Structures are given as structure tokens and as C-alpha cells.
Amino acid sequence: SPVLTASALAEIGMPPLKLRLPNWWKPAALPTLLFLLLPMTPLSFSRKVVIPGSVKVIEKEAFAACSHLEELIIEEGVERIEAEAFRDCRIVTLSLPRHSLKHIGDKAFGFNLFCKLELPQELEYLGTACFRCNQYLESISVPGTVKYIRASSFDSCSMLETVVLQEGVVEIGKGAFSECDRLAEITFPSTLRKVGKDAVTPVNYTDDGEVYPEFLLPNRDVVIEDDWFKYVADTN
């Protein structure tokens, strides 16, 4: 079966503005650093990348620091995105498969530019700092199939205003939503049992100074670590 390699890409004369991996792509994984082994490969300049469902795993750092990448479409069939796969790109538009994707690794999408994000409804794993420092992200809904939101998952998403945690989420890790300065609304599920240290440290700046919004928990059975509890009002 044909294999698309870094050396093959390097032989292409003009860097493309759009790259679509072919449906016959084999093997089923995008190898670590495949397109970064040669810094001047065409993919380094691609503005749009489409990854077909025949690719099951996007390996660690596969597209890391592809600073020209603006639009990413990952088609149905892809199951895992490993650590730092798309870290430090410039992704403005991101489309993830709605059903097949189960795993998003540590720092997989850290430091990008998209404002809209729709997580797959059957996603099971969100890695540490997986969407950290996406400064234009405005809202997020985490499906209940994700039991644990790990440390710093959405840390420093400074434009994030609304978070919905669907029924099934059990734990919010340390610093998961810290430094989200505009965060004003979080919907907590009744399944929530633990909130880690500094999981939410939002600050709204007004003419009167700093304002800490008040969040409502659905029950009293939640373990709140450190001093985060003073920003929580219980509805019971």
C-alpha cells in the first residue's frame, strides 16, 4: 500500500495551501513528528488539513508547531489524538468526529486560536492541559462520558464565558479552569463528587475592581479542595 512519508513531501516543489491525506492512507497511525522531521516540508505551510477516518491514531507531536495551520478537519473514524499532536498551531477552525473519537491526549490542542469547540458525545478521555491557552474559546460542553476533567484542561482560556458539564462528569481536576478571567457560568452535574484545588479561579474586572462570580452546586456531596469553596453557593 502507498505510504506518505516526510521525504516524499519534501520532494514536492510548491508548499500547498490545502492538504488532504488520501483515504488509502496506511498505516492507521500518523507517526510522531512525521511532518516535522524536515522543517520545510509542505505541511509546515499548509493552511488546511483533512485527516480521513482510515487514520485511527494521530501520534504524539505529529503536527506540533505547524504555525500556518488554520483549518483542521478530522473525519469520522479517527479514534485517538495523542499528546501534543496539534500543540502550538494556529488553528482557527476545528472539526472533530462526533462519534469515533474517544481519546484526546495531554496538551493535544494547547495554544491554538479557535473560538468554537464541539467535543464528541462519546469522548472518554480528556488529557492534562489538552486545550490550555486557547485564548479565543468562548464556550465548552463536556459530555458525561468524560468522567474526569484533568488538571489544567482549559487553563488560561481567557475568553471562556460558559461551561456545561453534562451528567456523568465526576471530578474536576486541579486548575482545570484556572485563569479563565471571563468565566461567568458553569453548569454542574448532580454526578459531580470532587473539585480540585484552584479548579476555577475566574476574575471579572470592573470599574469597582475584581469581582468573583458565584457558582451553584447541585448538592452538598462535593469535596471542595483548598479555598475555592468561598466562591460557591449551595442551592440546598
# chains A, B, ... in the order shown; residues from 1 in each chain; ligands from 1
$ select_by_dssp --residues "stretch 21-167 of chain A" --states "helix (DSSP H, G or I)" --output "list in words"
Pro42, Leu43, Ser44 and Phe45 of chain A
$ residues_around --residues "A:Lys116" --least-positions-apart "5" --cutoff "8 Å" --atoms "only C-alpha atoms" --output "count of residues only"
6
$ closest_residue --among "A:Ala108, A:Val222, A:Leu113, A:Leu183" --to "A:Ile91" --atoms "only C-alpha atoms"
A:Leu113
$ closest_atom_pairs --of "stretch 94-113 of chain A" --to "stretch 73-87 of chain A" --cutoff "6 Å" --atoms "only C-alpha atoms" --output "CSV"
residue,atom,partner,partner_atom,distance
A:Ser95,CA,A:Ile73,CA,4.8
A:Leu96,CA,A:Ile74,CA,5.2
A:Pro97,CA,A:Glu76,CA,4.6
A:Ser100,CA,A:Gly77,CA,5.3
A:Leu101,CA,A:Glu79,CA,4.1
A:Lys102,CA,A:Glu79,CA,5.5
A:His103,CA,A:Arg80,CA,4.8
A:Ile104,CA,A:Ile81,CA,4.9
A:Gly105,CA,A:Ala83,CA,4.3
A:Asp106,CA,A:Ala83,CA,4.5
A:Lys107,CA,A:Glu84,CA,4.8
A:Ala108,CA,A:Glu84,CA,3.9
A:Phe109,CA,A:Arg87,CA,5.0
A:Gly110,CA,A:Arg87,CA,4.9
$ write_last_selection --atoms "all heavy atoms" --output "compact mmCIF listing (two decimals), in the first residue's frame"
# COMPACT_ATOMS: atom_id res chain seq x y z
N SER A 95 -12.76 20.83 13.43
CA SER A 95 -13.89 19.90 13.34
C SER A 95 -13.42 18.52 13.77
O SER A 95 -12.51 17.95 13.17
CB SER A 95 -14.41 19.85 11.90
OG SER A 95 -15.46 18.91 11.77
N LEU A 96 -14.06 18.00 14.82
CA LEU A 96 -13.72 16.68 15.36
C LEU A 96 -14.82 15.68 15.00
O LEU A 96 -15.99 16.06 14.87
CB LEU A 96 -13.57 16.75 16.88
CG LEU A 96 -12.48 17.67 17.42
CD1 LEU A 96 -12.56 17.72 18.96
CD2 LEU A 96 -11.10 17.22 16.97
N PRO A 97 -14.47 14.40 14.88
CA PRO A 97 -15.51 13.38 14.62
C PRO A 97 -16.47 13.28 15.80
O PRO A 97 -16.05 13.32 16.95
CB PRO A 97 -14.72 12.09 14.43
CG PRO A 97 -13.40 12.35 15.09
CD PRO A 97 -13.13 13.81 14.95
N SER A 100 -16.54 8.62 16.74
CA SER A 100 -15.43 7.67 16.83
C SER A 100 -14.33 8.09 17.79
O SER A 100 -13.66 7.25 18.39
CB SER A 100 -14.82 7.45 15.44
OG SER A 100 -14.27 8.66 14.92
N LEU A 101 -14.14 9.39 17.98
CA LEU A 101 -13.02 9.87 18.79
C LEU A 101 -13.28 9.62 20.27
O LEU A 101 -14.27 10.09 20.83
CB LEU A 101 -12.78 11.36 18.54
CG LEU A 101 -11.55 11.95 19.22
CD1 LEU A 101 -10.27 11.30 18.70
CD2 LEU A 101 -11.50 13.47 19.00
N LYS A 102 -12.36 8.89 20.91
CA LYS A 102 -12.51 8.53 22.32
C LYS A 102 -11.46 9.15 23.22
O LYS A 102 -11.65 9.25 24.43
CB LYS A 102 -12.44 7.00 22.49
CG LYS A 102 -13.50 6.21 21.72
CD LYS A 102 -14.89 6.52 22.23
CE LYS A 102 -15.93 5.56 21.66
NZ LYS A 102 -16.11 5.69 20.21
N HIS A 103 -10.33 9.59 22.65
CA HIS A 103 -9.18 9.98 23.46
C HIS A 103 -8.52 11.23 22.89
O HIS A 103 -8.16 11.26 21.71
CB HIS A 103 -8.18 8.81 23.49
CG HIS A 103 -6.92 9.08 24.25
ND1 HIS A 103 -6.69 8.57 25.51
CD2 HIS A 103 -5.82 9.81 23.93
CE1 HIS A 103 -5.49 8.95 25.93
NE2 HIS A 103 -4.94 9.71 24.99
N ILE A 104 -8.38 12.26 23.74
CA ILE A 104 -7.61 13.46 23.39
C ILE A 104 -6.51 13.59 24.43
O ILE A 104 -6.77 13.78 25.62
CB ILE A 104 -8.48 14.73 23.37
CG1 ILE A 104 -9.58 14.59 22.30
CG2 ILE A 104 -7.63 15.96 23.09
CD1 ILE A 104 -10.53 15.77 22.24
N GLY A 105 -5.26 13.46 24.00
CA GLY A 105 -4.14 13.37 24.92
C GLY A 105 -3.69 14.69 25.52
O GLY A 105 -4.20 15.77 25.19
N ASP A 106 -2.71 14.60 26.41
CA ASP A 106 -2.17 15.76 27.11
C ASP A 106 -1.68 16.83 26.13
O ASP A 106 -0.95 16.52 25.18
CB ASP A 106 -1.01 15.36 28.01
CG ASP A 106 -1.42 14.37 29.10
OD1 ASP A 106 -2.63 14.18 29.30
OD2 ASP A 106 -0.52 13.80 29.74
N LYS A 107 -2.10 18.06 26.36
CA LYS A 107 -1.65 19.23 25.58
C LYS A 107 -1.90 19.08 24.08
O LYS A 107 -1.24 19.73 23.27
CB LYS A 107 -0.16 19.49 25.82
CG LYS A 107 0.22 19.69 27.27
CD LYS A 107 1.71 19.90 27.45
CE LYS A 107 2.10 20.00 28.91
NZ LYS A 107 3.57 20.16 29.09
N ALA A 108 -2.87 18.25 23.71
CA ALA A 108 -3.07 17.94 22.29
C ALA A 108 -3.40 19.17 21.46
O ALA A 108 -2.96 19.30 20.32
CB ALA A 108 -4.18 16.90 22.14
N PHE A 109 -4.19 20.10 22.02
CA PHE A 109 -4.60 21.29 21.28
C PHE A 109 -4.22 22.57 22.02
O PHE A 109 -4.86 23.60 21.85
CB PHE A 109 -6.11 21.26 21.02
CG PHE A 109 -6.53 20.24 20.02
CD1 PHE A 109 -7.01 19.00 20.41
CD2 PHE A 109 -6.46 20.50 18.66
CE1 PHE A 109 -7.41 18.04 19.49
CE2 PHE A 109 -6.87 19.55 17.73
CZ PHE A 109 -7.34 18.32 18.14
N GLY A 110 -3.18 22.52 22.83
CA GLY A 110 -2.78 23.71 23.56
C GLY A 110 -2.28 24.82 22.63
O GLY A 110 -1.67 24.55 21.59
$ atom_distance --atom1 "atom CA of A:Leu126" --atom2 "atom CA of A:Tyr148"
7.5 Å
$ closest_residue --among "A:Phe177, A:Phe131, A:Phe63, A:Phe154" --to "A:Thr201" --atoms "only C-alpha atoms"
A:Phe177
$ decode --residues "stretch 81-96 of chain A" --atoms "all heavy atoms" --output "mmCIF file, in the first residue's frame"
data_model
loop_
_atom_site.group_PDB
_atom_site.id
_atom_site.type_symbol
_atom_site.label_atom_id
_atom_site.label_comp_id
_atom_site.auth_asym_id
_atom_site.auth_seq_id
_atom_site.Cartn_x
_atom_site.Cartn_y
_atom_site.Cartn_z
ATOM 1 N N ILE A 81 -6.254 10.925 19.561
ATOM 2 C CA ILE A 81 -5.314 12.014 19.279
ATOM 3 C C ILE A 81 -4.346 12.043 20.453
ATOM 4 O O ILE A 81 -4.746 12.302 21.589
ATOM 5 C CB ILE A 81 -6.039 13.367 19.140
ATOM 6 C CG1 ILE A 81 -7.055 13.307 17.997
ATOM 7 C CG2 ILE A 81 -5.031 14.488 18.903
ATOM 8 C CD1 ILE A 81 -7.931 14.545 17.901
ATOM 9 N N GLU A 82 -3.081 11.758 20.196
ATOM 10 C CA GLU A 82 -2.122 11.618 21.279
ATOM 11 C C GLU A 82 -1.558 12.975 21.715
ATOM 12 O O GLU A 82 -1.858 14.015 21.138
ATOM 13 C CB GLU A 82 -0.998 10.658 20.860
ATOM 14 C CG GLU A 82 -1.472 9.257 20.521
ATOM 15 C CD GLU A 82 -2.042 8.488 21.711
ATOM 16 O OE1 GLU A 82 -2.071 9.015 22.827
ATOM 17 O OE2 GLU A 82 -2.460 7.326 21.504
ATOM 18 N N ALA A 83 -0.730 12.936 22.738
ATOM 19 C CA ALA A 83 -0.226 14.139 23.393
ATOM 20 C C ALA A 83 0.455 15.096 22.411
ATOM 21 O O ALA A 83 1.233 14.676 21.554
ATOM 22 C CB ALA A 83 0.748 13.754 24.503
ATOM 23 N N GLU A 84 0.101 16.376 22.544
ATOM 24 C CA GLU A 84 0.750 17.475 21.824
ATOM 25 C C GLU A 84 0.656 17.351 20.307
ATOM 26 O O GLU A 84 1.447 17.959 19.581
ATOM 27 C CB GLU A 84 2.218 17.604 22.253
ATOM 28 C CG GLU A 84 2.379 17.811 23.755
ATOM 29 C CD GLU A 84 3.812 18.065 24.171
ATOM 30 O OE1 GLU A 84 4.418 19.015 23.643
ATOM 31 O OE2 GLU A 84 4.319 17.309 25.024
ATOM 32 N N ALA A 85 -0.298 16.587 19.825
ATOM 33 C CA ALA A 85 -0.405 16.345 18.381
ATOM 34 C C ALA A 85 -0.568 17.638 17.586
ATOM 35 O O ALA A 85 -0.027 17.779 16.490
ATOM 36 C CB ALA A 85 -1.565 15.396 18.093
ATOM 37 N N PHE A 86 -1.330 18.600 18.131
ATOM 38 C CA PHE A 86 -1.571 19.863 17.433
ATOM 39 C C PHE A 86 -1.211 21.060 18.313
ATOM 40 O O PHE A 86 -1.781 22.142 18.171
ATOM 41 C CB PHE A 86 -3.039 19.953 16.993
ATOM 42 C CG PHE A 86 -3.434 18.871 16.022
ATOM 43 C CD1 PHE A 86 -4.047 17.712 16.473
ATOM 44 C CD2 PHE A 86 -3.172 19.003 14.680
ATOM 45 C CE1 PHE A 86 -4.411 16.699 15.588
ATOM 46 C CE2 PHE A 86 -3.534 18.001 13.780
ATOM 47 C CZ PHE A 86 -4.144 16.844 14.238
ATOM 48 N N ARG A 87 -0.268 20.872 19.192
ATOM 49 C CA ARG A 87 0.173 21.968 20.076
ATOM 50 C C ARG A 87 0.865 23.061 19.257
ATOM 51 O O ARG A 87 1.597 22.810 18.320
ATOM 52 C CB ARG A 87 1.138 21.417 21.126
ATOM 53 C CG ARG A 87 1.817 22.481 21.977
ATOM 54 C CD ARG A 87 2.866 21.892 22.884
ATOM 55 N NE ARG A 87 3.814 21.040 22.174
ATOM 56 C CZ ARG A 87 4.818 21.493 21.440
ATOM 57 N NH1 ARG A 87 4.993 22.796 21.261
ATOM 58 N NH2 ARG A 87 5.647 20.630 20.855
ATOM 59 N N ASP A 88 0.584 24.311 19.663
ATOM 60 C CA ASP A 88 1.270 25.463 19.072
ATOM 61 C C ASP A 88 1.070 25.581 17.567
ATOM 62 O O ASP A 88 1.994 25.939 16.837
ATOM 63 C CB ASP A 88 2.768 25.417 19.377
ATOM 64 C CG ASP A 88 3.077 25.786 20.824
ATOM 65 O OD1 ASP A 88 2.565 26.809 21.295
ATOM 66 O OD2 ASP A 88 3.819 25.035 21.474
ATOM 67 N N CYS A 89 -0.142 25.244 17.104
ATOM 68 C CA CYS A 89 -0.503 25.574 15.733
ATOM 69 C C CYS A 89 -1.246 26.913 15.763
ATOM 70 O O CYS A 89 -1.237 27.611 16.770
ATOM 71 C CB CYS A 89 -1.352 24.464 15.131
ATOM 72 S SG CYS A 89 -0.492 22.881 14.983
ATOM 73 N N ARG A 90 -1.910 27.254 14.688
ATOM 74 C CA ARG A 90 -2.710 28.489 14.644
ATOM 75 C C ARG A 90 -4.133 28.156 14.221
ATOM 76 O O ARG A 90 -4.766 28.901 13.480
ATOM 77 C CB ARG A 90 -2.092 29.497 13.677
ATOM 78 C CG ARG A 90 -0.635 29.808 13.920
ATOM 79 C CD ARG A 90 -0.438 30.756 15.076
ATOM 80 N NE ARG A 90 -0.949 32.072 14.764
ATOM 81 C CZ ARG A 90 -0.933 33.091 15.632
ATOM 82 N NH1 ARG A 90 -0.459 32.889 16.840
ATOM 83 N NH2 ARG A 90 -1.398 34.271 15.290
ATOM 84 N N ILE A 91 -4.653 27.033 14.701
ATOM 85 C CA ILE A 91 -5.940 26.529 14.243
ATOM 86 C C ILE A 91 -7.066 27.478 14.644
ATOM 87 O O ILE A 91 -7.257 27.772 15.827
ATOM 88 C CB ILE A 91 -6.206 25.123 14.804
ATOM 89 C CG1 ILE A 91 -5.113 24.150 14.343
ATOM 90 C CG2 ILE A 91 -7.579 24.625 14.372
ATOM 91 C CD1 ILE A 91 -5.173 22.805 15.019
ATOM 92 N N VAL A 92 -7.802 27.938 13.642
ATOM 93 C CA VAL A 92 -8.951 28.827 13.870
ATOM 94 C C VAL A 92 -10.248 28.029 13.784
ATOM 95 O O VAL A 92 -11.186 28.285 14.533
ATOM 96 C CB VAL A 92 -8.960 29.970 12.833
ATOM 97 C CG1 VAL A 92 -10.219 30.827 12.992
ATOM 98 C CG2 VAL A 92 -7.707 30.823 12.973
ATOM 99 N N THR A 93 -10.305 27.064 12.871
ATOM 100 C CA THR A 93 -11.488 26.231 12.677
ATOM 101 C C THR A 93 -11.123 24.777 12.926
ATOM 102 O O THR A 93 -10.215 24.242 12.280
ATOM 103 C CB THR A 93 -12.038 26.387 11.253
ATOM 104 O OG1 THR A 93 -12.323 27.770 11.001
ATOM 105 C CG2 THR A 93 -13.311 25.575 11.082
ATOM 106 N N LEU A 94 -11.833 24.153 13.872
ATOM 107 C CA LEU A 94 -11.548 22.767 14.245
ATOM 108 C C LEU A 94 -12.822 21.943 14.171
ATOM 109 O O LEU A 94 -13.843 22.299 14.762
ATOM 110 C CB LEU A 94 -10.988 22.703 15.665
ATOM 111 C CG LEU A 94 -10.796 21.306 16.269
ATOM 112 C CD1 LEU A 94 -9.775 20.515 15.477
ATOM 113 C CD2 LEU A 94 -10.381 21.415 17.738
ATOM 114 N N SER A 95 -12.761 20.827 13.435
ATOM 115 C CA SER A 95 -13.886 19.901 13.338
ATOM 116 C C SER A 95 -13.423 18.519 13.772
ATOM 117 O O SER A 95 -12.507 17.947 13.174
ATOM 118 C CB SER A 95 -14.414 19.852 11.897
ATOM 119 O OG SER A 95 -15.464 18.906 11.773
ATOM 120 N N LEU A 96 -14.062 17.995 14.825
ATOM 121 C CA LEU A 96 -13.719 16.680 15.356
ATOM 122 C C LEU A 96 -14.822 15.680 15.004
ATOM 123 O O LEU A 96 -15.987 16.057 14.869
ATOM 124 C CB LEU A 96 -13.570 16.751 16.883
ATOM 125 C CG LEU A 96 -12.482 17.672 17.425
ATOM 126 C CD1 LEU A 96 -12.558 17.724 18.957
ATOM 127 C CD2 LEU A 96 -11.101 17.215 16.975
#
